file input.cif (mmCIF, C-alpha atoms)
data_structure
#
loop_
_atom_site.group_PDB
_atom_site.id
_atom_site.type_symbol
_atom_site.label_atom_id
_atom_site.label_comp_id
_atom_site.auth_asym_id
_atom_site.auth_seq_id
_atom_site.Cartn_x
_atom_site.Cartn_y
_atom_site.Cartn_z
ATOM 1 C CA MET A 98 100.490 80.713 101.508
ATOM 2 C CA GLU A 99 97.010 79.956 100.230
ATOM 3 C CA ALA A 100 96.666 77.154 102.765
ATOM 4 C CA LEU A 101 97.711 79.528 105.554
ATOM 5 C CA LYS A 102 95.223 82.183 104.430
ATOM 6 C CA ALA A 103 92.481 79.568 104.348
ATOM 7 C CA ALA A 104 93.362 78.404 107.856
ATOM 8 C CA ILE A 105 93.252 81.955 109.248
ATOM 9 C CA GLN A 106 89.956 82.628 107.461
ATOM 10 C CA ASN A 107 88.514 79.474 109.023
ATOM 11 C CA VAL A 108 89.451 80.780 112.472
ATOM 12 C CA LYS A 109 87.880 84.163 111.697
ATOM 13 C CA ASP A 110 84.690 82.478 110.511
ATOM 14 C CA LYS A 111 84.422 80.500 113.763
ATOM 15 C CA ILE A 112 84.897 83.709 115.750
ATOM 16 C CA LEU A 113 82.140 85.454 113.778
ATOM 17 C CA GLU A 114 79.889 82.483 114.520
ATOM 18 C CA GLU A 115 80.825 82.893 118.220
ATOM 19 C CA ASP A 116 81.965 79.279 118.259
ATOM 20 C CA TYR A 117 85.070 80.051 120.273
ATOM 21 C CA ALA A 118 85.838 76.442 121.165
ATOM 22 C CA ALA A 119 85.998 75.586 117.469
ATOM 23 C CA ALA A 120 88.045 78.727 116.781
ATOM 24 C CA THR A 121 90.552 77.703 119.456
ATOM 25 C CA SER A 122 90.856 74.219 117.961
ATOM 26 C CA ALA A 123 91.220 75.655 114.470
ATOM 27 C CA VAL A 124 94.049 77.983 115.424
ATOM 28 C CA GLU A 125 95.895 75.179 117.220
ATOM 29 C CA ASP A 126 95.601 73.048 114.074
ATOM 30 C CA ALA A 127 97.013 75.960 112.077
ATOM 31 C CA ARG A 128 99.933 76.357 114.492
ATOM 32 C CA THR A 129 100.732 72.666 114.087
ATOM 33 C CA ALA A 130 100.694 72.961 110.296
ATOM 34 C CA PHE A 131 102.573 76.280 110.243
ATOM 35 C CA PRO A 132 104.869 76.409 113.313
ATOM 36 C CA ASN A 133 106.807 79.488 114.447
ATOM 37 C CA LEU A 134 104.505 82.063 112.849
ATOM 38 C CA PRO A 135 104.011 85.003 115.279
ATOM 39 C CA ASP A 136 100.607 85.957 113.875
ATOM 40 C CA LEU A 137 99.222 82.543 114.770
ATOM 41 C CA GLY A 138 100.514 82.984 118.305
ATOM 42 C CA HIS A 139 98.666 86.304 118.602
ATOM 43 C CA LEU A 140 95.566 84.641 117.195
ATOM 44 C CA ALA A 141 95.823 81.825 119.744
ATOM 45 C CA VAL A 142 95.803 84.358 122.616
ATOM 46 C CA LEU A 143 92.770 86.103 121.111
ATOM 47 C CA CYS A 144 90.839 82.844 120.798
ATOM 48 C CA GLY A 145 91.852 81.827 124.307
ATOM 49 C CA VAL A 146 90.436 85.034 125.796
ATOM 50 C CA LEU A 147 87.195 84.766 123.831
ATOM 51 C CA HIS A 148 86.832 81.069 124.650
ATOM 52 C CA LEU A 149 87.065 81.779 128.398
ATOM 53 C CA SER A 150 84.519 84.606 128.355
ATOM 54 C CA GLY A 151 81.694 83.928 130.775
ATOM 55 C CA LEU A 152 83.984 82.013 133.147
ATOM 56 C CA ASP A 153 85.730 83.499 136.164
ATOM 57 C CA TRP A 154 88.113 86.405 135.600
ATOM 58 C CA HIS A 155 91.116 84.607 137.083
ATOM 59 C CA ARG A 156 90.877 81.867 134.472
ATOM 60 C CA LEU A 157 90.482 84.412 131.695
ATOM 61 C CA LEU A 158 93.695 86.152 132.788
ATOM 62 C CA ARG A 159 95.409 82.791 133.437
ATOM 63 C CA LEU A 160 96.101 83.679 137.058
ATOM 64 C CA PRO A 161 95.607 81.854 140.369
ATOM 65 C CA PRO A 162 93.038 83.208 142.851
ATOM 66 C CA SER A 163 95.928 84.390 145.039
ATOM 67 C CA ALA A 164 97.202 86.788 142.337
ATOM 68 C CA SER A 165 97.947 90.306 143.553
ATOM 69 C CA PRO A 166 96.576 93.460 141.892
ATOM 70 C CA SER A 167 99.982 94.038 140.296
ATOM 71 C CA ASP A 168 99.920 90.478 138.892
ATOM 72 C CA VAL A 169 96.509 91.249 137.407
ATOM 73 C CA ALA A 170 97.676 94.519 135.853
ATOM 74 C CA LEU A 171 100.793 92.917 134.364
ATOM 75 C CA ARG A 172 98.915 89.950 132.881
ATOM 76 C CA HIS A 173 96.340 92.349 131.422
ATOM 77 C CA LEU A 174 99.165 94.254 129.736
ATOM 78 C CA LEU A 175 100.889 91.134 128.412
ATOM 79 C CA LEU A 176 97.724 89.541 126.990
ATOM 80 C CA SER A 177 96.640 92.842 125.451
ATOM 81 C CA SER A 178 100.050 93.290 123.841
ATOM 82 C CA GLU A 179 99.785 89.807 122.325
ATOM 83 C CA ILE A 180 96.412 90.568 120.723
ATOM 84 C CA ALA A 181 97.233 94.129 119.630
ATOM 85 C CA PRO A 182 99.319 93.181 116.527
ATOM 86 C CA LEU A 183 96.191 91.682 114.958
ATOM 87 C CA GLY A 184 94.605 95.151 114.868
ATOM 88 C CA LEU A 185 91.335 96.447 116.284
ATOM 89 C CA ASP A 186 89.470 95.524 113.102
ATOM 90 C CA PHE A 187 90.351 91.849 113.390
ATOM 91 C CA SER A 188 87.353 89.664 114.224
ATOM 92 C CA GLY A 189 86.801 89.527 117.990
ATOM 93 C CA ALA A 190 89.725 91.837 118.887
ATOM 94 C CA SER A 191 87.586 94.660 120.286
ATOM 95 C CA GLN A 192 85.555 92.171 122.297
ATOM 96 C CA ALA A 193 88.715 90.576 123.690
ATOM 97 C CA PHE A 194 90.122 93.955 124.753
ATOM 98 C CA ALA A 195 86.833 94.756 126.491
ATOM 99 C CA LEU A 196 86.917 91.414 128.330
ATOM 100 C CA LEU A 197 90.488 92.006 129.485
ATOM 101 C CA ASP A 198 89.600 95.499 130.712
ATOM 102 C CA GLU A 199 86.595 94.148 132.609
ATOM 103 C CA ALA A 200 88.685 91.390 134.190
ATOM 104 C CA ARG A 201 91.318 93.882 135.318
ATOM 105 C CA SER A 202 88.695 96.187 136.799
ATOM 106 C CA ALA A 203 86.981 93.343 138.628
ATOM 107 C CA LEU A 204 90.162 91.919 140.168
ATOM 108 C CA THR A 205 92.219 95.030 140.930
ATOM 109 C CA THR A 206 91.417 96.951 144.164
ATOM 110 C CA ARG A 207 92.980 100.157 142.658
ATOM 111 C CA HIS A 208 90.005 100.153 140.296
ATOM 112 C CA ARG A 209 87.517 99.170 143.009
ATOM 113 C CA ARG A 210 88.642 101.356 145.988
ATOM 114 C CA GLY A 211 90.732 104.102 144.323
ATOM 115 C CA GLY A 212 94.001 103.105 146.047
ATOM 116 C CA TRP A 213 95.769 100.682 148.376
ATOM 117 C CA THR A 214 94.282 100.054 151.803
ATOM 118 C CA ALA A 215 95.550 98.387 154.973
ATOM 119 C CA GLU A 216 93.918 95.151 153.803
ATOM 120 C CA ASP A 217 96.265 94.967 150.813
ATOM 121 C CA LEU A 218 99.446 94.861 152.935
ATOM 122 C CA VAL A 219 100.766 91.744 154.639
ATOM 123 C CA PRO A 220 103.734 91.785 157.064
ATOM 124 C CA GLY A 221 106.957 90.683 155.395
ATOM 125 C CA GLN A 222 105.883 91.624 151.879
ATOM 126 C CA ILE A 223 108.309 93.550 149.650
ATOM 127 C CA TRP A 224 106.775 96.474 147.746
ATOM 128 C CA ALA A 225 108.014 99.053 145.265
ATOM 129 C CA VAL A 226 107.260 102.613 146.375
ATOM 130 C CA ARG A 227 107.522 106.035 144.801
ATOM 131 C CA ASP A 228 110.100 108.380 146.253
ATOM 132 C CA GLY A 229 108.113 111.563 145.776
ATOM 133 C CA SER A 230 110.334 113.136 143.112
ATOM 134 C CA VAL A 231 108.948 111.102 140.213
ATOM 135 C CA ARG A 232 105.752 109.187 139.648
ATOM 136 C CA PHE A 233 107.663 105.958 139.034
ATOM 137 C CA PRO A 234 108.564 103.522 141.844
ATOM 138 C CA ARG A 235 112.323 103.526 142.456
ATOM 139 C CA ARG A 236 112.629 102.282 146.058
ATOM 140 C CA TYR A 237 111.667 99.139 147.941
ATOM 141 C CA VAL A 238 110.224 98.548 151.395
ATOM 142 C CA GLU A 239 109.407 95.599 153.613
ATOM 143 C CA VAL A 240 106.107 95.826 155.489
ATOM 144 C CA VAL A 241 106.754 95.630 159.243
ATOM 145 C CA ASN A 242 105.202 92.658 161.036
ATOM 146 C CA TRP A 243 103.689 94.393 164.034
ATOM 147 C CA GLY A 244 101.392 97.388 164.518
ATOM 148 C CA SER A 245 102.340 98.272 160.991
ATOM 149 C CA VAL A 246 99.276 99.645 159.287
ATOM 150 C CA THR A 247 96.732 102.419 159.866
ATOM 151 C CA ASP A 248 94.016 103.623 157.538
ATOM 152 C CA SER A 249 96.407 105.956 155.708
ATOM 153 C CA GLU A 250 99.961 104.903 156.660
ATOM 154 C CA ALA A 251 102.136 101.812 156.900
ATOM 155 C CA SER A 252 105.229 101.068 158.972
ATOM 156 C CA VAL A 253 108.085 99.759 156.835
ATOM 157 C CA PHE A 254 111.795 99.066 156.606
ATOM 158 C CA PHE A 255 113.301 100.745 153.541
ATOM 159 C CA LEU A 256 115.583 98.481 151.512
ATOM 160 C CA GLU A 257 118.918 100.146 150.829
ATOM 161 C CA PRO A 258 121.220 99.151 147.926
ATOM 162 C CA HIS A 259 124.034 96.798 148.875
ATOM 163 C CA PRO A 260 126.401 97.121 145.883
ATOM 164 C CA THR A 261 128.373 94.039 144.878
ATOM 165 C CA ARG A 262 130.134 95.505 141.820
ATOM 166 C CA ASP A 263 132.277 98.595 141.248
ATOM 167 C CA GLU A 264 129.791 100.049 138.765
ATOM 168 C CA GLU A 265 126.989 99.744 141.280
ATOM 169 C CA MET A 266 129.163 101.224 144.032
ATOM 170 C CA ARG A 267 129.896 104.338 141.936
ATOM 171 C CA TRP A 268 126.202 104.614 141.101
ATOM 172 C CA VAL A 269 125.184 104.585 144.785
ATOM 173 C CA GLU A 270 127.998 106.913 145.873
ATOM 174 C CA GLU A 271 126.814 109.506 143.349
ATOM 175 C CA GLY A 272 123.283 109.384 144.735
ATOM 176 C CA LEU A 273 121.701 107.696 141.720
ATOM 177 C CA PRO A 274 118.758 105.311 142.219
ATOM 178 C CA LEU A 275 119.600 101.604 141.963
ATOM 179 C CA VAL A 276 116.659 99.262 141.475
ATOM 180 C CA CYS A 277 118.335 96.006 140.450
ATOM 181 C CA GLY A 278 120.743 93.947 142.543
ATOM 182 C CA MET A 279 121.242 93.200 146.229
ATOM 183 C CA PHE A 280 119.452 95.167 148.954
ATOM 184 C CA ARG A 281 119.571 95.225 152.739
ATOM 185 C CA ALA A 282 116.754 96.223 155.070
ATOM 186 C CA SER A 283 117.368 99.342 157.128
ATOM 187 C CA LYS A 284 117.281 99.082 160.928
ATOM 188 C CA GLU A 285 114.914 101.981 161.509
ATOM 189 C CA ILE A 286 111.160 101.787 161.049
ATOM 190 C CA ALA A 287 109.633 104.465 158.830
ATOM 191 C CA ARG A 288 106.011 105.415 158.303
ATOM 192 C CA ILE A 289 104.876 106.207 154.788
ATOM 193 C CA GLU A 290 101.577 107.091 153.141
ATOM 194 C CA LEU A 291 99.710 104.241 151.480
ATOM 195 C CA SER A 292 99.536 106.381 148.338
ATOM 196 C CA MET A 293 103.300 105.859 147.907
ATOM 197 C CA PHE A 294 102.866 102.089 147.393
ATOM 198 C CA SER A 295 103.027 100.954 143.783
ATOM 199 C CA HIS A 296 103.056 97.148 143.544
ATOM 200 C CA ARG A 297 104.333 93.894 145.066
ATOM 201 C CA VAL A 298 107.853 92.760 144.253
ATOM 202 C CA SER A 299 109.156 89.209 144.157
ATOM 203 C CA CYS A 300 112.707 88.405 145.322
ATOM 204 C CA ASP A 301 114.803 85.588 143.893
ATOM 205 C CA HIS A 302 115.862 84.663 147.418
ATOM 206 C CA LYS A 303 116.646 86.189 150.772
ATOM 207 C CA LEU A 304 120.080 85.805 152.376
ATOM 208 C CA GLY A 305 119.781 85.633 156.142
ATOM 209 C CA LYS A 306 117.014 87.826 157.526
ATOM 210 C CA SER A 307 117.821 91.166 155.959
ATOM 211 C CA PHE A 308 119.292 90.729 152.441
ATOM 212 C CA TYR A 309 117.208 90.635 149.275
ATOM 213 C CA ARG A 310 118.164 90.069 145.638
ATOM 214 C CA ILE A 311 115.813 91.796 143.206
ATOM 215 C CA ARG A 312 116.191 91.360 139.469
ATOM 216 C CA PRO A 313 113.910 91.621 136.435
ATOM 217 C CA LYS A 314 112.364 88.269 135.524
ATOM 218 C CA LYS A 315 111.451 86.987 132.096
ATOM 219 C CA GLY A 316 108.090 88.345 130.972
ATOM 220 C CA GLU A 317 108.103 91.307 133.382
ATOM 221 C CA ILE A 318 107.688 94.888 132.172
ATOM 222 C CA TRP A 319 110.438 97.314 133.241
ATOM 223 C CA ALA A 320 111.860 100.613 132.067
ATOM 224 C CA ILE A 321 115.430 101.347 131.045
ATOM 225 C CA TYR A 322 117.265 104.605 130.504
ATOM 226 C CA ALA A 323 117.101 105.841 126.924
ATOM 227 C CA ASP A 324 120.404 106.776 125.271
ATOM 228 C CA TRP A 325 122.274 104.995 128.053
ATOM 229 C CA SER A 326 125.756 106.150 128.969
ATOM 230 C CA GLY A 327 127.986 104.748 131.675
ATOM 231 C CA ASP A 328 128.913 108.339 132.553
ATOM 232 C CA LEU A 329 125.343 109.293 133.422
ATOM 233 C CA GLY A 330 125.302 111.726 136.365
ATOM 234 C CA VAL A 331 122.661 112.977 138.793
ATOM 235 C CA VAL A 332 121.662 115.938 136.613
ATOM 236 C CA ASP A 333 121.619 113.807 133.455
ATOM 237 C CA GLN A 334 119.604 111.077 135.152
ATOM 238 C CA ALA A 335 116.972 113.531 136.369
ATOM 239 C CA ASN A 336 116.367 114.669 132.790
ATOM 240 C CA CYS A 337 116.760 111.280 131.149
ATOM 241 C CA ALA A 338 114.022 109.734 129.035
ATOM 242 C CA TYR A 339 112.934 106.127 129.558
ATOM 243 C CA ARG A 340 112.077 103.174 127.350
ATOM 244 C CA VAL A 341 109.443 100.619 128.354
ATOM 245 C CA VAL A 342 110.687 97.081 127.705
ATOM 246 C CA GLU A 343 109.728 93.448 128.211
ATOM 247 C CA ILE A 344 112.371 91.207 129.787
ATOM 248 C CA ALA A 345 113.115 88.590 127.110
ATOM 249 C CA SER A 346 115.826 86.733 129.062
ATOM 250 C CA GLU A 347 117.044 87.151 132.620
ATOM 251 C CA PHE A 348 120.492 88.211 133.854
ATOM 252 C CA GLU A 349 123.168 85.557 133.471
ATOM 253 C CA GLY A 350 125.169 85.416 136.702
ATOM 254 C CA GLU A 351 126.535 88.364 138.630
ATOM 255 C CA GLU A 352 128.379 89.944 135.711
ATOM 256 C CA GLY A 353 125.949 89.096 132.926
ATOM 257 C CA GLU A 354 123.402 91.168 131.071
ATOM 258 C CA ALA A 355 119.695 90.724 130.346
ATOM 259 C CA THR A 356 117.976 90.769 126.959
ATOM 260 C CA VAL A 357 115.056 93.165 126.533
ATOM 261 C CA ALA A 358 112.551 93.895 123.776
ATOM 262 C CA GLY A 359 111.225 97.418 123.323
ATOM 263 C CA LEU A 360 107.497 98.083 123.740
ATOM 264 C CA VAL A 361 105.562 100.831 121.983
ATOM 265 C CA GLU A 362 102.014 102.080 122.410
ATOM 266 C CA VAL A 363 99.459 100.624 120.035
ATOM 267 C CA GLU A 364 98.162 103.397 117.806
ATOM 268 C CA GLY A 365 94.761 104.544 119.045
ATOM 269 C CA CYS A 366 95.011 102.433 122.247
ATOM 270 C CA ARG A 367 96.872 104.463 124.838
ATOM 271 C CA THR A 368 96.912 101.762 127.497
ATOM 272 C CA PHE A 369 97.992 98.938 125.164
ATOM 273 C CA PHE A 370 101.583 98.128 124.240
ATOM 274 C CA GLU A 371 103.124 95.826 121.664
ATOM 275 C CA ARG A 372 106.658 94.766 120.852
ATOM 276 C CA GLU A 373 108.521 97.199 118.654
ATOM 277 C CA THR A 374 109.248 96.016 115.108
ATOM 278 C CA CYS A 375 111.864 97.056 112.552
ATOM 279 C CA ASP A 376 111.351 95.961 108.947
ATOM 280 C CA GLY A 377 109.122 93.176 110.143
ATOM 281 C CA PHE A 378 111.567 91.943 112.801
ATOM 282 C CA ARG A 379 111.336 92.313 116.570
ATOM 283 C CA PRO A 380 114.778 93.474 117.722
ATOM 284 C CA THR A 381 116.181 92.874 121.178
ATOM 285 C CA ARG A 382 119.166 94.366 123.001
ATOM 286 C CA ARG A 383 121.356 93.605 125.990
ATOM 287 C CA VAL A 384 121.314 95.808 129.104
ATOM 288 C CA SER A 385 123.315 95.970 132.331
ATOM 289 C CA ARG A 386 121.848 95.933 135.829
ATOM 290 C CA VAL A 387 122.331 99.653 136.464
ATOM 291 C CA GLU A 388 120.757 100.422 133.102
ATOM 292 C CA THR A 389 117.429 99.059 134.360
ATOM 293 C CA ALA A 390 116.116 102.369 135.585
ATOM 294 C CA LEU A 391 112.722 101.722 137.100
ATOM 295 C CA LEU A 392 110.433 99.006 138.221
ATOM 296 C CA ALA A 393 107.337 98.638 136.085
ATOM 297 C CA SER A 394 104.318 100.338 137.613
ATOM 298 C CA ASP A 395 100.931 98.636 137.487
ATOM 299 C CA SER A 396 99.438 101.999 136.531
ATOM 300 C CA GLY A 397 101.501 102.079 133.334
ATOM 301 C CA PHE A 398 104.094 104.447 131.939
#
call {"tool": "encode", "arguments": {"input": "input.cif", "output": "structure tokens"}}
result
Amino acid sequence: MEALKAAIQNVKDKILEEDYAAATSAVEDARTAFPNLPDLGHLAVLCGVLHLSGLDWHRLLRLPPSASPSDVALRHLLLSSEIAPLGLDFSGASQAFALLDEARSALTTRHRRGGWTAEDLVPGQIWAVRDGSVRFPRRYVEVVNWGSVTDSEASVFFLEPHPTRDEEMRWVEEGLPLVCGMFRASKEIARIELSMFSHRVSCDHKLGKSFYRIRPKKGEIWAIYADWSGDLGVVDQANCAYRVVEIASEFEGEEGEATVAGLVEVEGCRTFFERETCDGFRPTRRVSRVETALLASDSGF
């Protein structure tokens, strides 16, 4: 333990000296000597952010130049949640949070222009949109490939659920929102306000020209219904609370479940989340496809 404390102190000293390259090397040496320690992983992310300060924002967030605003927002959340367990008083933590905030602001149009514009939409893209009844996105659309966008509206095909399991069929028949599974593009073009658009969505693959499979992917931030019950009805669902989770492992086949880890707000940092702990452990749980209630919004929950 004394050797570990000395290694961490060495990293902290390098950070205080603003020798971030040396701090990064020191923490990697510590991770080699003491593998599988979560705190050293958090420290490695911190040093990585500080070491890349002064370079371009894409490199700091570990994103390609083609990254979308939602990619930027999600990476900001994930990196922040990795640093948060160290605490705000840890050497360099406040500076790292400030750098991440600045990178997000610089790369996200929703910070620069106050909302999506026609320039943000590309024909054929799949987006999550809000349905008007809640502030969370619970429907999908495909941007139409001709005459589709004005200054305030876009022409889209709504994606409708295409249930492949009995549980999903009952869910759709009862008018409950389904956000995970197979979807089919509607045949009628609709026009919706740009303010309804939330963020880009990636599909595992497209079957033919009108079918889409959308599932949570490892590392993504989603929400699930709290106190889940298979008998959840329309009235219950409307009043149901949600839990923000990180996808720890993806769905296994058509009948499988996904593993999720709960996220909680970092005390004193409303926009930062970290994995929930219980007696020092980070518990996970299994969830079904219909239990995944909402797509993660890049504006947070």
call {"tool": "residues_around", "arguments": {"input": "input.cif", "residues": "Glu125 of chain A", "least_positions_apart": "2", "cutoff": "10 Å", "atoms": "only C-alpha atoms", "output": "ChimeraX atom specification"}}
result
/A:108,119-123,127-132,137-138,140-141,144
call {"tool": "write_last_selection", "arguments": {"input": "input.cif", "atoms": "C-alpha atoms", "output": "short mmCIF file (atom, residue, chain, number, x, y, z; two decimals), keeping the file's coordinate frame"}}
result
data_model
loop_
_atom_site.label_atom_id
_atom_site.label_comp_id
_atom_site.auth_asym_id
_atom_site.auth_seq_id
_atom_site.Cartn_x
_atom_site.Cartn_y
_atom_site.Cartn_z
CA VAL A 108 89.45 80.78 112.47
CA ALA A 119 86.00 75.59 117.47
CA ALA A 120 88.04 78.73 116.78
CA THR A 121 90.55 77.70 119.46
CA SER A 122 90.86 74.22 117.96
CA ALA A 123 91.22 75.66 114.47
CA ALA A 127 97.01 75.96 112.08
CA ARG A 128 99.93 76.36 114.49
CA THR A 129 100.73 72.67 114.09
CA ALA A 130 100.69 72.96 110.30
CA PHE A 131 102.57 76.28 110.24
CA PRO A 132 104.87 76.41 113.31
CA LEU A 137 99.22 82.54 114.77
CA GLY A 138 100.51 82.98 118.30
CA LEU A 140 95.57 84.64 117.20
CA ALA A 141 95.82 81.82 119.74
CA CYS A 144 90.84 82.84 120.80
#
call {"tool": "residues_around", "arguments": {"input": "input.cif", "residues": "Ala118 of chain A", "least_positions_apart": "6", "cutoff": "10 Å", "atoms": "all atoms listed in the file", "output": "VMD selection string"}}
result
chain A and resid 111 to 112 144 to 145 147 to 149
call {"tool": "closest_residue", "arguments": {"input": "input.cif", "among": "A:His208, A:Arg281, A:His173, A:Lys314", "to": "Val238 of chain A", "atoms": "only C-alpha atoms"}}
result
A:Arg281
call {"tool": "resolve_selection", "arguments": {"input": "input.cif", "expression": "the PyMOL selection byres ((chain A and resi 180-186) around 12)", "output": "PDB file with C-alpha atoms, keeping the file's coordinate frame"}}
result
ATOM      1  CA  ILE A 105      93.252  81.955 109.248  1.00  0.00           C
ATOM      2  CA  LYS A 109      87.880  84.163 111.697  1.00  0.00           C
ATOM      3  CA  PRO A 135     104.011  85.003 115.279  1.00  0.00           C
ATOM      4  CA  ASP A 136     100.607  85.957 113.875  1.00  0.00           C
ATOM      5  CA  LEU A 137      99.222  82.543 114.770  1.00  0.00           C
ATOM      6  CA  GLY A 138     100.514  82.984 118.305  1.00  0.00           C
ATOM      7  CA  HIS A 139      98.666  86.304 118.602  1.00  0.00           C
ATOM      8  CA  LEU A 140      95.566  84.641 117.195  1.00  0.00           C
ATOM      9  CA  ALA A 141      95.823  81.825 119.744  1.00  0.00           C
ATOM     10  CA  VAL A 142      95.803  84.358 122.616  1.00  0.00           C
ATOM     11  CA  LEU A 143      92.770  86.103 121.111  1.00  0.00           C
ATOM     12  CA  CYS A 144      90.839  82.844 120.798  1.00  0.00           C
ATOM     13  CA  GLY A 145      91.852  81.827 124.307  1.00  0.00           C
ATOM     14  CA  VAL A 146      90.436  85.034 125.796  1.00  0.00           C
ATOM     15  CA  LEU A 147      87.195  84.766 123.831  1.00  0.00           C
ATOM     16  CA  HIS A 173      96.340  92.349 131.422  1.00  0.00           C
ATOM     17  CA  LEU A 174      99.165  94.254 129.736  1.00  0.00           C
ATOM     18  CA  LEU A 175     100.889  91.134 128.412  1.00  0.00           C
ATOM     19  CA  LEU A 176      97.724  89.541 126.990  1.00  0.00           C
ATOM     20  CA  SER A 177      96.640  92.842 125.451  1.00  0.00           C
ATOM     21  CA  SER A 178     100.050  93.290 123.841  1.00  0.00           C
ATOM     22  CA  GLU A 179      99.785  89.807 122.325  1.00  0.00           C
ATOM     23  CA  PHE A 187      90.351  91.849 113.390  1.00  0.00           C
ATOM     24  CA  SER A 188      87.353  89.664 114.224  1.00  0.00           C
ATOM     25  CA  GLY A 189      86.801  89.527 117.990  1.00  0.00           C
ATOM     26  CA  ALA A 190      89.725  91.837 118.887  1.00  0.00           C
ATOM     27  CA  SER A 191      87.586  94.660 120.286  1.00  0.00           C
ATOM     28  CA  GLN A 192      85.555  92.171 122.297  1.00  0.00           C
ATOM     29  CA  ALA A 193      88.715  90.576 123.690  1.00  0.00           C
ATOM     30  CA  PHE A 194      90.122  93.955 124.753  1.00  0.00           C
ATOM     31  CA  ALA A 195      86.833  94.756 126.491  1.00  0.00           C
ATOM     32  CA  LEU A 197      90.488  92.006 129.485  1.00  0.00           C
ATOM     33  CA  LEU A 360     107.497  98.083 123.740  1.00  0.00           C
ATOM     34  CA  VAL A 361     105.562 100.831 121.983  1.00  0.00           C
ATOM     35  CA  GLU A 362     102.014 102.080 122.410  1.00  0.00           C
ATOM     36  CA  VAL A 363      99.459 100.624 120.035  1.00  0.00           C
ATOM     37  CA  GLU A 364      98.162 103.397 117.806  1.00  0.00           C
ATOM     38  CA  GLY A 365      94.761 104.544 119.045  1.00  0.00           C
ATOM     39  CA  CYS A 366      95.011 102.433 122.247  1.00  0.00           C
ATOM     40  CA  ARG A 367      96.872 104.463 124.838  1.00  0.00           C
ATOM     41  CA  THR A 368      96.912 101.762 127.497  1.00  0.00           C
ATOM     42  CA  PHE A 369      97.992  98.938 125.164  1.00  0.00           C
ATOM     43  CA  PHE A 370     101.583  98.128 124.240  1.00  0.00           C
ATOM     44  CA  GLU A 371     103.124  95.826 121.664  1.00  0.00           C
ATOM     45  CA  ARG A 372     106.658  94.766 120.852  1.00  0.00           C
ATOM     46  CA  GLU A 373     108.521  97.199 118.654  1.00  0.00           C
ATOM     47  CA  THR A 374     109.248  96.016 115.108  1.00  0.00           C
ATOM     48  CA  GLY A 377     109.122  93.176 110.143  1.00  0.00           C
TER      49      GLY A 377
END
call {"tool": "closest_residue", "arguments": {"input": "input.cif", "among": "A:Asp168, A:Glu317, A:Glu347, A:Glu257", "to": "Arg297 of chain A", "atoms": "all atoms listed in the file"}}
result
A:Asp168
call {"tool": "atom_distance", "arguments": {"input": "input.cif", "atom1": "atom CA of Ala103 of chain A", "atom2": "atom CA of Glu115 of chain A"}}
result
18.4 Å
call {"tool": "residues_around", "arguments": {"input": "input.cif", "residues": "Met293 of chain A", "least_positions_apart": "2", "cutoff": "6 Å", "atoms": "all atoms listed in the file", "output": "list in words"}}
result
Val226, Arg227, Glu290 and Leu291 of chain A
